[in-house]
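Data block for final16.cif (mmCIF, C-alpha atoms):
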data_protein
loop_
_atom_site.group_PDB
_atom_site.id
_atom_site.type_symbol
_atom_site.label_atom_id
_atom_site.label_comp_id
_atom_site.auth_asym_id
_atom_site.auth_seq_id
_atom_site.Cartn_x
_atom_site.Cartn_y
_atom_site.Cartn_z
ATOM 1 C CA MET A 1 -25.308 -41.803 -16.756
ATOM 2 C CA GLN A 2 -22.817 -44.183 -15.161
ATOM 3 C CA ILE A 3 -19.567 -42.342 -14.343
ATOM 4 C CA ALA A 4 -16.654 -44.151 -12.696
ATOM 5 C CA SER A 5 -13.548 -42.762 -11.062
ATOM 6 C CA ILE A 6 -10.202 -44.474 -11.558
ATOM 7 C CA ILE A 7 -7.400 -44.118 -9.013
ATOM 8 C CA PRO A 8 -4.060 -45.742 -9.845
ATOM 9 C CA VAL A 9 -2.183 -46.177 -6.545
ATOM 10 C CA LYS A 10 1.568 -46.624 -6.518
ATOM 11 C CA THR A 11 2.966 -48.805 -3.744
ATOM 12 C CA PHE A 12 3.104 -46.483 -0.754
ATOM 13 C CA SER A 13 6.679 -47.347 0.193
ATOM 14 C CA ARG A 14 7.888 -46.381 -3.305
ATOM 15 C CA ALA A 15 5.868 -43.182 -3.645
ATOM 16 C CA LYS A 16 6.681 -39.526 -3.030
ATOM 17 C CA SER A 17 10.469 -39.831 -2.771
ATOM 18 C CA ARG A 18 10.839 -36.099 -3.498
ATOM 19 C CA LEU A 19 9.237 -35.247 -0.162
ATOM 20 C CA GLY A 20 12.352 -36.441 1.672
ATOM 21 C CA LEU A 21 10.325 -38.167 4.411
ATOM 22 C CA SER A 22 11.110 -41.449 6.132
ATOM 23 C CA GLN A 23 9.484 -44.533 4.623
ATOM 24 C CA GLU A 24 7.134 -44.790 7.595
ATOM 25 C CA LYS A 25 5.962 -41.180 7.267
ATOM 26 C CA THR A 26 5.689 -41.467 3.491
ATOM 27 C CA GLU A 27 3.453 -44.507 3.777
ATOM 28 C CA GLU A 28 1.269 -42.824 6.407
ATOM 29 C CA LEU A 29 0.953 -39.670 4.305
ATOM 30 C CA CYS A 30 -0.100 -41.715 1.278
ATOM 31 C CA LYS A 31 -2.744 -43.481 3.370
ATOM 32 C CA VAL A 32 -4.110 -40.180 4.669
ATOM 33 C CA MET A 33 -4.272 -38.638 1.189
ATOM 34 C CA LEU A 34 -5.918 -41.669 -0.405
ATOM 35 C CA GLU A 35 -8.541 -41.744 2.346
ATOM 36 C CA GLU A 36 -9.354 -38.070 1.755
ATOM 37 C CA VAL A 37 -9.734 -38.603 -1.994
ATOM 38 C CA LEU A 38 -11.942 -41.666 -1.558
ATOM 39 C CA SER A 39 -14.078 -39.929 1.052
ATOM 40 C CA ALA A 40 -14.739 -36.988 -1.278
ATOM 41 C CA ILE A 41 -15.549 -39.258 -4.216
ATOM 42 C CA SER A 42 -17.946 -41.337 -2.092
ATOM 43 C CA LYS A 43 -20.050 -38.205 -1.421
ATOM 44 C CA SER A 44 -20.113 -37.080 -5.049
ATOM 45 C CA GLN A 45 -22.128 -38.091 -8.106
ATOM 46 C CA ILE A 46 -19.569 -40.740 -9.070
ATOM 47 C CA SER A 47 -21.259 -44.141 -9.522
ATOM 48 C CA LYS A 48 -18.296 -46.401 -8.736
ATOM 49 C CA THR A 49 -14.580 -46.116 -7.976
ATOM 50 C CA ILE A 50 -11.847 -48.450 -9.167
ATOM 51 C CA ILE A 51 -8.542 -48.731 -7.321
ATOM 52 C CA ILE A 52 -5.632 -50.242 -9.273
ATOM 53 C CA SER A 53 -2.611 -51.153 -7.181
ATOM 54 C CA LYS A 54 -0.463 -53.913 -5.754
ATOM 55 C CA ASP A 55 -0.404 -52.377 -2.277
ATOM 56 C CA GLU A 56 -2.597 -54.278 0.182
ATOM 57 C CA ALA A 57 -2.729 -51.247 2.490
ATOM 58 C CA ALA A 58 -4.395 -49.284 -0.301
ATOM 59 C CA PHE A 59 -6.985 -52.008 -0.760
ATOM 60 C CA GLU A 60 -7.751 -52.048 2.975
ATOM 61 C CA ILE A 61 -8.582 -48.344 2.804
ATOM 62 C CA ALA A 62 -10.539 -48.789 -0.418
ATOM 63 C CA LYS A 63 -12.757 -51.510 1.063
ATOM 64 C CA LYS A 64 -14.370 -48.933 3.337
ATOM 65 C CA TYR A 65 -15.720 -47.064 0.313
ATOM 66 C CA ASP A 66 -17.356 -49.843 -1.703
ATOM 67 C CA THR A 67 -14.761 -49.723 -4.451
ATOM 68 C CA ILE A 68 -13.688 -52.183 -7.110
ATOM 69 C CA GLN A 69 -10.104 -53.329 -6.467
ATOM 70 C CA ILE A 70 -7.881 -54.477 -9.311
ATOM 71 C CA PHE A 71 -4.578 -56.035 -8.309
ATOM 72 C CA GLU A 72 -1.527 -55.309 -10.464
ATOM 73 C CA GLU A 73 0.996 -58.115 -10.660
ATOM 74 C CA LYS A 74 3.615 -55.547 -11.645
ATOM 75 C CA GLU A 75 3.536 -51.755 -11.562
ATOM 76 C CA ASN A 76 3.847 -50.582 -15.158
ATOM 77 C CA GLY A 77 2.808 -46.964 -14.690
ATOM 78 C CA VAL A 78 -0.414 -44.995 -14.731
ATOM 79 C CA ASN A 79 -1.295 -45.637 -18.390
ATOM 80 C CA ALA A 80 -1.155 -49.414 -17.923
ATOM 81 C CA ALA A 81 -3.185 -49.173 -14.707
ATOM 82 C CA VAL A 82 -5.885 -47.109 -16.405
ATOM 83 C CA ALA A 83 -6.031 -49.587 -19.295
ATOM 84 C CA LEU A 84 -6.714 -52.390 -16.826
ATOM 85 C CA SER A 85 -9.634 -50.498 -15.341
ATOM 86 C CA GLU A 86 -11.081 -49.732 -18.763
ATOM 87 C CA LYS A 87 -11.643 -53.429 -19.453
ATOM 88 C CA TYR A 88 -13.892 -53.662 -16.400
ATOM 89 C CA LEU A 89 -15.761 -50.421 -17.113
ATOM 90 C CA LEU A 90 -16.420 -51.183 -20.774
ATOM 91 C CA GLY A 91 -17.616 -54.659 -19.840
ATOM 92 C CA ASN A 92 -20.048 -53.214 -17.306
ATOM 93 C CA ASN A 93 -21.610 -50.490 -19.452
ATOM 94 C CA PHE A 94 -20.121 -47.397 -17.853
ATOM 95 C CA ASP A 95 -20.543 -44.241 -19.899
ATOM 96 C CA ALA A 96 -17.607 -42.109 -18.721
ATOM 97 C CA SER A 97 -14.591 -42.203 -16.441
ATOM 98 C CA ILE A 98 -12.486 -39.727 -14.482
ATOM 99 C CA VAL A 99 -8.887 -40.538 -13.611
ATOM 100 C CA PHE A 100 -7.778 -38.984 -10.311
ATOM 101 C CA PRO A 101 -4.401 -39.210 -8.557
ATOM 102 C CA GLN A 102 -4.113 -40.353 -4.945
ATOM 103 C CA ASP A 103 -2.385 -37.154 -3.801
ATOM 104 C CA ILE A 104 -5.037 -34.395 -3.918
ATOM 105 C CA PRO A 105 -6.152 -34.404 -0.257
ATOM 106 C CA LEU A 106 -8.018 -31.069 -0.298
ATOM 107 C CA ILE A 107 -10.543 -32.259 -2.896
ATOM 108 C CA ARG A 108 -14.205 -31.930 -1.930
ATOM 109 C CA PRO A 109 -17.340 -33.611 -3.354
ATOM 110 C CA GLN A 110 -18.537 -30.346 -4.890
ATOM 111 C CA ASP A 111 -15.307 -30.107 -6.888
ATOM 112 C CA ILE A 112 -16.047 -33.464 -8.479
ATOM 113 C CA ASP A 113 -19.679 -32.574 -9.131
ATOM 114 C CA GLU A 114 -18.566 -29.302 -10.726
ATOM 115 C CA LEU A 115 -16.380 -31.305 -13.095
ATOM 116 C CA ILE A 116 -19.211 -33.711 -13.882
ATOM 117 C CA LYS A 117 -21.523 -30.780 -14.736
ATOM 118 C CA LEU A 118 -19.181 -29.918 -17.598
ATOM 119 C CA GLN A 119 -19.427 -33.409 -19.042
ATOM 120 C CA LYS A 120 -20.910 -34.038 -22.492
ATOM 121 C CA THR A 121 -20.569 -36.913 -24.947
ATOM 122 C CA PRO A 122 -18.241 -37.156 -26.785
ATOM 123 C CA GLN A 123 -15.762 -35.130 -24.775
ATOM 124 C CA VAL A 124 -12.463 -35.015 -22.913
ATOM 125 C CA ILE A 125 -11.972 -32.713 -19.916
ATOM 126 C CA VAL A 126 -8.502 -32.031 -18.533
ATOM 127 C CA VAL A 127 -7.779 -30.525 -15.101
ATOM 128 C CA PRO A 128 -4.040 -29.758 -14.802
ATOM 129 C CA SER A 129 -1.903 -29.801 -11.677
ATOM 130 C CA ARG A 130 -1.188 -26.535 -9.834
ATOM 131 C CA LYS A 131 2.254 -26.289 -11.466
ATOM 132 C CA PHE A 132 0.825 -27.170 -14.881
ATOM 133 C CA ASP A 133 3.147 -30.149 -15.188
ATOM 134 C CA GLY A 134 0.623 -32.971 -14.973
ATOM 135 C CA THR A 135 -3.010 -34.059 -15.237
ATOM 136 C CA ASN A 136 -4.952 -34.144 -11.954
ATOM 137 C CA ALA A 137 -8.271 -35.148 -13.483
ATOM 138 C CA LEU A 138 -9.014 -36.619 -16.877
ATOM 139 C CA LEU A 139 -12.655 -37.117 -17.814
ATOM 140 C CA ARG A 140 -13.323 -39.191 -20.907
ATOM 141 C CA SER A 141 -16.768 -39.759 -22.372
ATOM 142 C CA PRO A 142 -17.042 -42.393 -23.673
ATOM 143 C CA ILE A 143 -14.357 -44.225 -21.713
ATOM 144 C CA ASP A 144 -12.362 -45.418 -24.725
ATOM 145 C CA ILE A 145 -12.558 -42.169 -26.683
ATOM 146 C CA MET A 146 -8.810 -41.601 -26.247
ATOM 147 C CA GLU A 147 -5.782 -43.311 -24.737
ATOM 148 C CA THR A 148 -4.084 -41.748 -21.715
ATOM 149 C CA HIS A 149 -0.618 -40.150 -21.730
ATOM 150 C CA TYR A 150 0.579 -39.848 -18.161
ATOM 151 C CA ASP A 151 4.157 -38.717 -18.544
ATOM 152 C CA GLU A 152 5.993 -35.401 -18.683
ATOM 153 C CA ASP A 153 3.620 -32.484 -19.419
ATOM 154 C CA SER A 154 0.737 -34.941 -19.585
ATOM 155 C CA TYR A 155 -1.967 -32.288 -19.543
ATOM 156 C CA LYS A 156 -0.529 -30.735 -22.718
ATOM 157 C CA ILE A 157 -0.306 -34.137 -24.384
ATOM 158 C CA HIS A 158 -3.884 -34.989 -23.387
ATOM 159 C CA LEU A 159 -5.114 -31.693 -24.844
ATOM 160 C CA SER A 160 -3.140 -32.029 -28.065
ATOM 161 C CA THR A 161 -4.094 -35.688 -28.525
ATOM 162 C CA ALA A 162 -7.789 -34.876 -28.177
ATOM 163 C CA LYS A 163 -7.495 -32.007 -30.647
ATOM 164 C CA SER A 164 -5.576 -34.176 -33.128
ATOM 165 C CA LYS A 165 -8.446 -36.685 -33.043
ATOM 166 C CA ASN A 166 -11.074 -33.924 -33.393
ATOM 167 C CA ILE A 167 -12.490 -34.759 -29.967
ATOM 168 C CA PRO A 168 -14.230 -31.888 -28.154
ATOM 169 C CA VAL A 169 -11.917 -30.986 -25.277
ATOM 170 C CA THR A 170 -12.295 -28.684 -22.269
ATOM 171 C CA PHE A 171 -9.499 -27.265 -20.104
ATOM 172 C CA ALA A 172 -10.922 -26.885 -16.573
ATOM 173 C CA LEU A 173 -9.287 -25.098 -13.642
ATOM 174 C CA ILE A 174 -10.745 -26.474 -10.399
ATOM 175 C CA SER A 175 -8.382 -25.380 -7.654
ATOM 176 C CA ARG A 176 -8.686 -28.131 -5.041
ATOM 177 C CA ILE A 177 -8.298 -30.790 -7.725
ATOM 178 C CA MET A 178 -5.201 -28.992 -8.996
ATOM 179 C CA TRP A 179 -3.502 -28.936 -5.575
ATOM 180 C CA ASP A 180 -1.398 -32.110 -5.396
ATOM 181 C CA VAL A 181 1.520 -33.160 -3.202
ATOM 182 C CA ASP A 182 4.733 -34.011 -5.045
ATOM 183 C CA ASP A 183 7.512 -32.153 -3.209
ATOM 184 C CA LYS A 184 8.200 -30.119 -0.058
ATOM 185 C CA SER A 185 6.905 -26.873 -1.551
ATOM 186 C CA ASP A 186 3.553 -28.550 -2.150
ATOM 187 C CA ILE A 187 3.309 -29.473 1.537
ATOM 188 C CA GLY A 188 3.673 -25.825 2.519
ATOM 189 C CA PHE A 189 1.086 -24.769 -0.045
ATOM 190 C CA ILE A 190 -1.382 -27.438 1.090
ATOM 191 C CA MET A 191 -0.990 -26.520 4.767
ATOM 192 C CA SER A 192 -1.614 -22.834 4.026
ATOM 193 C CA ASN A 193 -4.789 -23.571 2.062
ATOM 194 C CA ILE A 194 -6.275 -26.430 4.050
ATOM 195 C CA GLU A 195 -9.976 -26.175 4.933
ATOM 196 C CA LYS A 196 -10.355 -29.506 6.693
ATOM 197 C CA PRO A 197 -9.490 -29.202 10.429
ATOM 198 C CA ALA A 198 -9.206 -32.958 10.992
ATOM 199 C CA LEU A 199 -6.880 -33.343 8.008
ATOM 200 C CA ALA A 200 -4.791 -30.356 9.121
ATOM 201 C CA GLU A 201 -4.255 -31.982 12.511
ATOM 202 C CA LYS A 202 -3.294 -35.299 10.925
ATOM 203 C CA LEU A 203 -0.760 -33.612 8.666
ATOM 204 C CA ARG A 204 0.727 -31.490 11.450
ATOM 205 C CA ASN A 205 1.212 -34.602 13.577
ATOM 206 C CA LEU A 206 2.721 -36.458 10.656
ATOM 207 C CA LEU A 207 5.003 -33.774 9.232
#
As a first step, turn the structure in this file into structure tokens.
Amino acid sequence: MQIASIIPVKTFSRAKSRLGLSQEKTEELCKVMLEEVLSAISKSQISKTIIISKDEAAFEIAKKYDTIQIFEEKENGVNAAVALSEKYLLGNNFDASIVFPQDIPLIRPQDIDELIKLQKTPQVIVVPSRKFDGTNALLRSPIDIMETHYDEDSYKIHLSTAKSKNIPVTFALISRIMWDVDDKSDIGFIMSNIEKPALAEKLRNLL
């Protein structure tokens, strides 16, 4: 079973405006979070990771983890980025994919493997964000079983779309995948639940 992870990466300087940080700190935070996500994925059962971005700094980080890098000429949102990755995966005989965001720094390899254990074919698995306002992991098997809908209340739309197409769908609550960083309240939550000493030190120095 060939399972790929897909990580759409928004240009660091344009990301996370709701955190109210300086551009320099925002970019550094994005780098730290992406590195944590890639590190966890690299130790999991994922076969290959695809990074879709136009940010060269993201690609420099990704190179350390034997990823496939797809350059976007123009950022057209997560759905367009995922569609780009699908062309590569379908052309290289991958069986399933999992879309992850770049901002779930507490994720661990066992969280990913727990998600993979739930996988069947055909199937869609949705892991929502902590605030239940987004999708923090979307597993699709096969890869083109359903289009993605990353917009407002995306996890609800992903669930309803799968059901409307009679696709078996699972709603999975995996805490460290659900814990993302979108605003200042998320920073406080992350810092109070962090289990990675090195990451905690990096974040304290940064924030």
With a cut-off of 9 Å, could you pull out the residues of stretch 45-137 of chain A touching stretch 17-30 of chain A and give me the nearest pair of atoms for each, distance in Å to one decimal, using all atoms listed in the file, ordered by chain and ascending number, as a tab-separated table?
residue	atom	partner	partner_atom	distance
A:Ala58	CA	A:Cys30	CA	8.8
A:Gln102	CA	A:Cys30	CA	7.5
A:Asp103	CA	A:Cys30	CA	7.2
(request) For A:Ser129, list every protein, DNA or RNA residue within 8 Å, evaluated using all atoms listed in the file, and leave out those in the same chain fewer than 4 positions away; present the list as a list in words. (result)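 The contact residues come out as Asp133, Gly134, Thr135, Asn136, Ile177, Met178, Trp179 and Asp180 of chain A.
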(request) Check the smallest atom-to-atom distance from each of A:Ile143, A:Ser164, A:Gly91, A:Ile104 to A:Asp186 using all atoms listed in the file, then report the winner. (result)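 For A:Asp186, the nearest of the candidates is A:Ile104.
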(request) Step by step, work through what the PyMOL selection byres ((chain A and resi 194) around 12) selects in the shown file, and finish by giving those residues as a VMD selection string. (result) chain A and resid 104 to 108 175 to 176 179 186 to 193 195 to 204
Would you tabulate, counting only C-alpha atoms, all residues of stretch 72-171 of chain A that have an atom at most 12 Å from an atom of stretch 38-54 of chain A, showing the closest pair of atoms and their distance in Å to one decimal, sorted by chain then ascending number, as JSON lines?
{"residue": "A:Glu72", "atom": "CA", "partner": "A:Lys54", "partner_atom": "CA", "distance": 5.0}
{"residue": "A:Glu73", "atom": "CA", "partner": "A:Lys54", "partner_atom": "CA", "distance": 6.6}
{"residue": "A:Lys74", "atom": "CA", "partner": "A:Lys54", "partner_atom": "CA", "distance": 7.3}
{"residue": "A:Glu75", "atom": "CA", "partner": "A:Lys54", "partner_atom": "CA", "distance": 7.4}
{"residue": "A:Asn76", "atom": "CA", "partner": "A:Ser53", "partner_atom": "CA", "distance": 10.3}
{"residue": "A:Gly77", "atom": "CA", "partner": "A:Ser53", "partner_atom": "CA", "distance": 10.2}
{"residue": "A:Val78", "atom": "CA", "partner": "A:Ile52", "partner_atom": "CA", "distance": 9.2}
{"residue": "A:Asn79", "atom": "CA", "partner": "A:Ile52", "partner_atom": "CA", "distance": 11.1}
{"residue": "A:Ala80", "atom": "CA", "partner": "A:Ile52", "partner_atom": "CA", "distance": 9.8}
{"residue": "A:Ala81", "atom": "CA", "partner": "A:Ile52", "partner_atom": "CA", "distance": 6.1}
{"residue": "A:Val82", "atom": "CA", "partner": "A:Ile52", "partner_atom": "CA", "distance": 7.8}
{"residue": "A:Ala83", "atom": "CA", "partner": "A:Ile52", "partner_atom": "CA", "distance": 10.1}
{"residue": "A:Leu84", "atom": "CA", "partner": "A:Ile52", "partner_atom": "CA", "distance": 7.9}
{"residue": "A:Ser85", "atom": "CA", "partner": "A:Ile50", "partner_atom": "CA", "distance": 6.9}
{"residue": "A:Glu86", "atom": "CA", "partner": "A:Ile50", "partner_atom": "CA", "distance": 9.7}
{"residue": "A:Lys87", "atom": "CA", "partner": "A:Ile50", "partner_atom": "CA", "distance": 11.4}
{"residue": "A:Tyr88", "atom": "CA", "partner": "A:Ile50", "partner_atom": "CA", "distance": 9.1}
{"residue": "A:Leu89", "atom": "CA", "partner": "A:Ile50", "partner_atom": "CA", "distance": 9.1}
{"residue": "A:Asn92", "atom": "CA", "partner": "A:Lys48", "partner_atom": "CA", "distance": 11.1}
{"residue": "A:Asn93", "atom": "CA", "partner": "A:Ser47", "partner_atom": "CA", "distance": 11.8}
{"residue": "A:Phe94", "atom": "CA", "partner": "A:Ser47", "partner_atom": "CA", "distance": 9.0}
{"residue": "A:Asp95", "atom": "CA", "partner": "A:Ser47", "partner_atom": "CA", "distance": 10.4}
{"residue": "A:Ala96", "atom": "CA", "partner": "A:Ile46", "partner_atom": "CA", "distance": 9.9}
{"residue": "A:Ser97", "atom": "CA", "partner": "A:Ile46", "partner_atom": "CA", "distance": 9.0}
{"residue": "A:Ile98", "atom": "CA", "partner": "A:Ile46", "partner_atom": "CA", "distance": 9.0}
{"residue": "A:Val99", "atom": "CA", "partner": "A:Ile50", "partner_atom": "CA", "distance": 9.5}
{"residue": "A:Phe100", "atom": "CA", "partner": "A:Ile41", "partner_atom": "CA", "distance": 9.9}
{"residue": "A:Pro101", "atom": "CA", "partner": "A:Ile51", "partner_atom": "CA", "distance": 10.5}
{"residue": "A:Gln102", "atom": "CA", "partner": "A:Leu38", "partner_atom": "CA", "distance": 8.6}
{"residue": "A:Asp103", "atom": "CA", "partner": "A:Leu38", "partner_atom": "CA", "distance": 10.8}
{"residue": "A:Ile104", "atom": "CA", "partner": "A:Leu38", "partner_atom": "CA", "distance": 10.3}
{"residue": "A:Pro105", "atom": "CA", "partner": "A:Ala40", "partner_atom": "CA", "distance": 9.0}
{"residue": "A:Leu106", "atom": "CA", "partner": "A:Ala40", "partner_atom": "CA", "distance": 9.0}
{"residue": "A:Ile107", "atom": "CA", "partner": "A:Ala40", "partner_atom": "CA", "distance": 6.5}
{"residue": "A:Arg108", "atom": "CA", "partner": "A:Ala40", "partner_atom": "CA", "distance": 5.1}
{"residue": "A:Pro109", "atom": "CA", "partner": "A:Ala40", "partner_atom": "CA", "distance": 4.7}
{"residue": "A:Gln110", "atom": "CA", "partner": "A:Ser44", "partner_atom": "CA", "distance": 6.9}
{"residue": "A:Asp111", "atom": "CA", "partner": "A:Ser44", "partner_atom": "CA", "distance": 8.7}
{"residue": "A:Ile112", "atom": "CA", "partner": "A:Ser44", "partner_atom": "CA", "distance": 6.4}
{"residue": "A:Asp113", "atom": "CA", "partner": "A:Ser44", "partner_atom": "CA", "distance": 6.1}
{"residue": "A:Glu114", "atom": "CA", "partner": "A:Ser44", "partner_atom": "CA", "distance": 9.8}
{"residue": "A:Leu115", "atom": "CA", "partner": "A:Gln45", "partner_atom": "CA", "distance": 10.2}
{"residue": "A:Ile116", "atom": "CA", "partner": "A:Gln45", "partner_atom": "CA", "distance": 7.8}
{"residue": "A:Lys117", "atom": "CA", "partner": "A:Gln45", "partner_atom": "CA", "distance": 9.9}
{"residue": "A:Leu139", "atom": "CA", "partner": "A:Ile46", "partner_atom": "CA", "distance": 11.7}
Residue by residue, what does the PyMOL selection byres ((chain A and resi 169) around 10) grab here? Present the result as a short mmCIF file (atom, residue, chain, number, x, y, z; two decimals) with C-alpha atoms, keeping the file's coordinate frame.
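Dumped everything to out_2.cif:
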data_model
loop_
_atom_site.label_atom_id
_atom_site.label_comp_id
_atom_site.auth_asym_id
_atom_site.auth_seq_id
_atom_site.Cartn_x
_atom_site.Cartn_y
_atom_site.Cartn_z
CA LYS A 120 -20.91 -34.04 -22.49
CA PRO A 122 -18.24 -37.16 -26.78
CA GLN A 123 -15.76 -35.13 -24.78
CA VAL A 124 -12.46 -35.02 -22.91
CA ILE A 125 -11.97 -32.71 -19.92
CA VAL A 126 -8.50 -32.03 -18.53
CA LEU A 139 -12.66 -37.12 -17.81
CA ARG A 140 -13.32 -39.19 -20.91
CA HIS A 158 -3.88 -34.99 -23.39
CA LEU A 159 -5.11 -31.69 -24.84
CA SER A 160 -3.14 -32.03 -28.06
CA THR A 161 -4.09 -35.69 -28.52
CA ALA A 162 -7.79 -34.88 -28.18
CA LYS A 163 -7.50 -32.01 -30.65
CA ASN A 166 -11.07 -33.92 -33.39
CA ILE A 167 -12.49 -34.76 -29.97
CA PRO A 168 -14.23 -31.89 -28.15
CA THR A 170 -12.30 -28.68 -22.27
CA PHE A 171 -9.50 -27.26 -20.10
CA ALA A 172 -10.92 -26.88 -16.57
#
(request) Between atom CA of A:Asp66 and atom CA of A:Lys31, measure the distance and give it in Å to one decimal. (result) 16.7 Å
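Here atom CA of A:Pro142 is placed at a distance of 25.0 Å from atom CA of A:Ala62.
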Just need the box for stretch 114-127 of chain A, edges along x, y and z, holding every atom the file lists for it with 3 Å tacked onto each side, so centre and edge lengths in Å to one decimal, as JSON.
{"center_x": -14.7, "center_y": -33.2, "center_z": -18.8, "size_x": 19.7, "size_y": 13.9, "size_z": 22.1}
(request) Would you work out the distance separating atom CA of A:Pro128 from atom CA of A:Tyr155, expressed in Å to one decimal? (result)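 So the answer is 5.8 Å.
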(request) Choose the residue, out of A:Phe71, A:Leu206, A:Tyr65, A:Glu36, that has the smallest atom-to-atom separation from A:Val9; count only C-alpha atoms. (result) A:Phe71
